[in-house]
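> My questions will all concern the structure given below.
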Amino acid sequence: MESIAVLSSGGMDSAILLFHLAQQHKVTPIYVAQGLAWEQPEQHALRQFVDALNHPNIRTLEILNFPVNRLYGDHWSVSGDGVPAADAPDEMVFLPARNVLLFTAAAIWCHQHGVNKIAVGSLEGNPFPDASDEFFQQLSCLLSTALSHKIEILAPFRHKKKNDLIKRYNSLPLGLTLTCNAPRHQQHCGECNKCFERQQAFLKVGIDDTTQYACATMV
């Protein structure tokens with residue numbers, strides 16, 4: 001059975017991807033710790049979700065330390081101050097070179113463990129330059145050359161929307177996942193753009209959102 005490394009954040013998209021790929025592959029969830037403000041709650045959510053699945057094809061979570069806080073300085077993603085609100089434009093939540101760094105860390109792990117594929121839960125409509133099909137293809141070639149080890153980047157949800165995933169995988173414990181830029185005590189803040197996107201996706205498919213929000217919902 002083929003092994004695949006899955007970039008896992010504890011968020012709904014990558015959590016569903018873990019389950020999806022585990023149906024036919026051995027998958028290793030990889031969390032790249034970069035020193036960002038939301039990481040402890042994310043790791044907690046990821047562990048809860050994996051434990052709840054208890055799937056034989058999901059291997060032990062790997063946490064790779066690859067800090068960027070010195071590069072990002074006092075950026076809101078590091079400080080936790082001034083987190084973009086629900087109506088913030090996309091450019092406000094863009095983290096420079098984030099996917100370059102995440103895939104580089106995961107690719108080094110793959111090189112050391114004889115794994116050739118890295119999967120990411122990128123969705124349709126992602127506006128950022130480091131989430132396009134072209135970017136993934138070019139980065140795969142670059143990493144393969146740099147490591148002398150074939151690396152293929154998979155994005156099987158690239159042409160799906162969040163509400164599509166919710167509708168298909170609603171039987172999973174999605175309420176355990178965490179997709180928030182400013183979590184509070186292991187809960188979604190209920191105020192940031194990520195919380196808003198999550199609530200909108202559940203609303204579109206008419207499925208109850210069991211997520212725990214620290215503040216009243218925005219929809």
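Identifiers in the structure tokens: chain A, B, ... in order shown; residue index from 1 per chain; ligand index from 1 in order shown.
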Mind checking which residues fall within 12 Å of His113 (chain A), counting only C-alpha atoms, ignoring those fewer than 6 positions away in the same chain, and posting them as a list in words?
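Counting only the stated atoms, we get Ser3, Ile4, Ala5, Thr28, Glu62, Ala106, Ala107 and His149 of chain A.
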> Write the residues of the preceding selection, restricted to C-alpha atoms, as a compact mmCIF listing (two decimals), in the first residue's frame.

```txt
# COMPACT_ATOMS: atom_id res chain seq x y z
CA SER A 3 2.47 5.88 1.61
CA ILE A 4 1.49 9.55 1.39
CA ALA A 5 2.46 12.45 3.64
CA THR A 28 1.14 10.20 7.71
CA GLU A 62 4.65 13.95 12.81
CA ALA A 106 7.51 17.96 4.47
CA ALA A 107 9.72 17.09 1.48
CA HIS A 149 14.30 12.32 -4.51
```
> So which bits of region 34-182 of chain A end up helix (DSSP H, G or I) when you DSSP the backbone, as a PyMOL selection string?
chain A and resi 39-53+69-72+76-79+90-93+98-113+129-131+133-147+162-168+174-176
> Point out the residue among A:Tyr213, A:Trp109, A:Phe157, A:Phe103 with the least atom-to-atom distance to Leu142 (chain A), counting only C-alpha atoms.
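When distances to Leu142 (chain A) are compared using only C-alpha atoms, the smallest one comes from A:Phe103.
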> Would you pick out the contacts of region 66-74 of chain A at 7 Å or less, using only C-alpha atoms, so that residues sharing its chain but fewer than 6 positions from it are not included, and give the list as a compact mmCIF listing (two decimals) with N, CA and C atoms, in the first residue's frame?

```
# COMPACT_ATOMS: atom_id res chain seq x y z
N VAL A 32 3.52 21.15 10.42
CA VAL A 32 4.73 21.96 10.42
C VAL A 32 4.54 23.11 11.39
N ALA A 33 5.27 23.05 12.51
CA ALA A 33 5.17 24.08 13.54
C ALA A 33 6.10 25.24 13.18
N GLN A 34 5.50 26.43 12.95
CA GLN A 34 6.27 27.57 12.49
C GLN A 34 6.35 28.71 13.52
N GLY A 35 5.80 28.47 14.69
CA GLY A 35 5.83 29.53 15.70
C GLY A 35 4.71 30.54 15.54
N LEU A 36 3.59 30.12 14.93
CA LEU A 36 2.46 31.02 14.71
C LEU A 36 1.48 30.94 15.89
N ALA A 105 9.66 21.61 4.31
CA ALA A 105 9.81 20.81 5.53
C ALA A 105 9.29 19.39 5.31
```
> Just want the 7 Å neighbourhood of region 53-61 of chain A, counted on only C-alpha atoms, with same-chain residues fewer than 6 positions away dropped. Output as a list of chain:residue names.
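The residues that qualify are A:Ala22, A:His25, A:Lys26, A:Val27, A:Thr28, A:Pro29, A:Ile30.
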> Among region 10-193 of chain A, which residues carry a DSSP assignment of strand (DSSP E or B), reported as a list in words?
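Going through region 10-193 of chain A, the strand (DSSP E or B) residues come out as Lys26, Val27, Thr28, Pro29, Ile30, Tyr31, Val32, Ala33, Ile58, Glu62, Ile63, Leu64, Asn65, Ala85, Lys117, Ile118, Ala119, Glu152, Ile153, Leu154, Arg184, Gln187, His188 and Cys192 of chain A.
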> Using only C-alpha atoms, which of A:Ala214, A:Leu123, A:Met1, A:Val100 sits nearest Lys162 (chain A)?
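Between A:Ala214, A:Leu123, A:Met1, A:Val100, the residue approaching Lys162 (chain A) most closely is A:Leu123.
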> Choose the residue, out of A:Gly175, A:Ile118, A:Asp81, A:Ala131, that has the smallest atom-to-atom separation from Arg98 (chain A); count only C-alpha atoms.
A:Ala131
> As a list in words, please: the residues near Phe94 (chain A) (cut-off 10 Å, only C-alpha atoms, same-chain neighbours under 4 positions excluded).
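Surrounding residues, per the criterion: Ser77, Pro89, Asp90, Arg98, Pro127, Phe128, Pro129 and Asp130 of chain A.
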> Suppose you want the space between CA of Lys204 (chain A) and CA of Phe19 (chain A); what is it in Å?
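We find that CA of Lys204 (chain A) and CA of Phe19 (chain A) lie 22.6 Å from each other.
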> Tell me, in Å to one decimal, how far CA of Leu101 (chain A) is from CA of Leu147 (chain A).
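Going from CA of Leu101 (chain A) over to CA of Leu147 (chain A), I get 14.7 Å.
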> Identify which of the residues A:Lys161, A:Lys167, A:His20, A:Lys117 lies closest to Glu197 (chain A), counting only C-alpha atoms when measuring atom-to-atom distances.
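Going through A:Lys161, A:Lys167, A:His20, A:Lys117 one by one, the smallest distance to Glu197 (chain A) is for A:Lys161.
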> Using only C-alpha atoms, which residue out of A:Thr177, A:Gln187, A:Ser132, A:Thr210 lies closest to Asp51 (chain A)?
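The shortest atom-to-atom distance to Asp51 (chain A) comes from A:Thr177.
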> Write out as number ranges by chain the residues lying within 10 Å of His159 (chain A), counting only C-alpha atoms and excluding same-chain residues fewer than 5 positions away.
A: 122-126
> Point out the residue among A:Ala86, A:Ala155, A:Val93, A:Cys215 with the least atom-to-atom distance to Gln137 (chain A), counting only C-alpha atoms.
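For Gln137 (chain A), the nearest of the candidates is A:Ala155.
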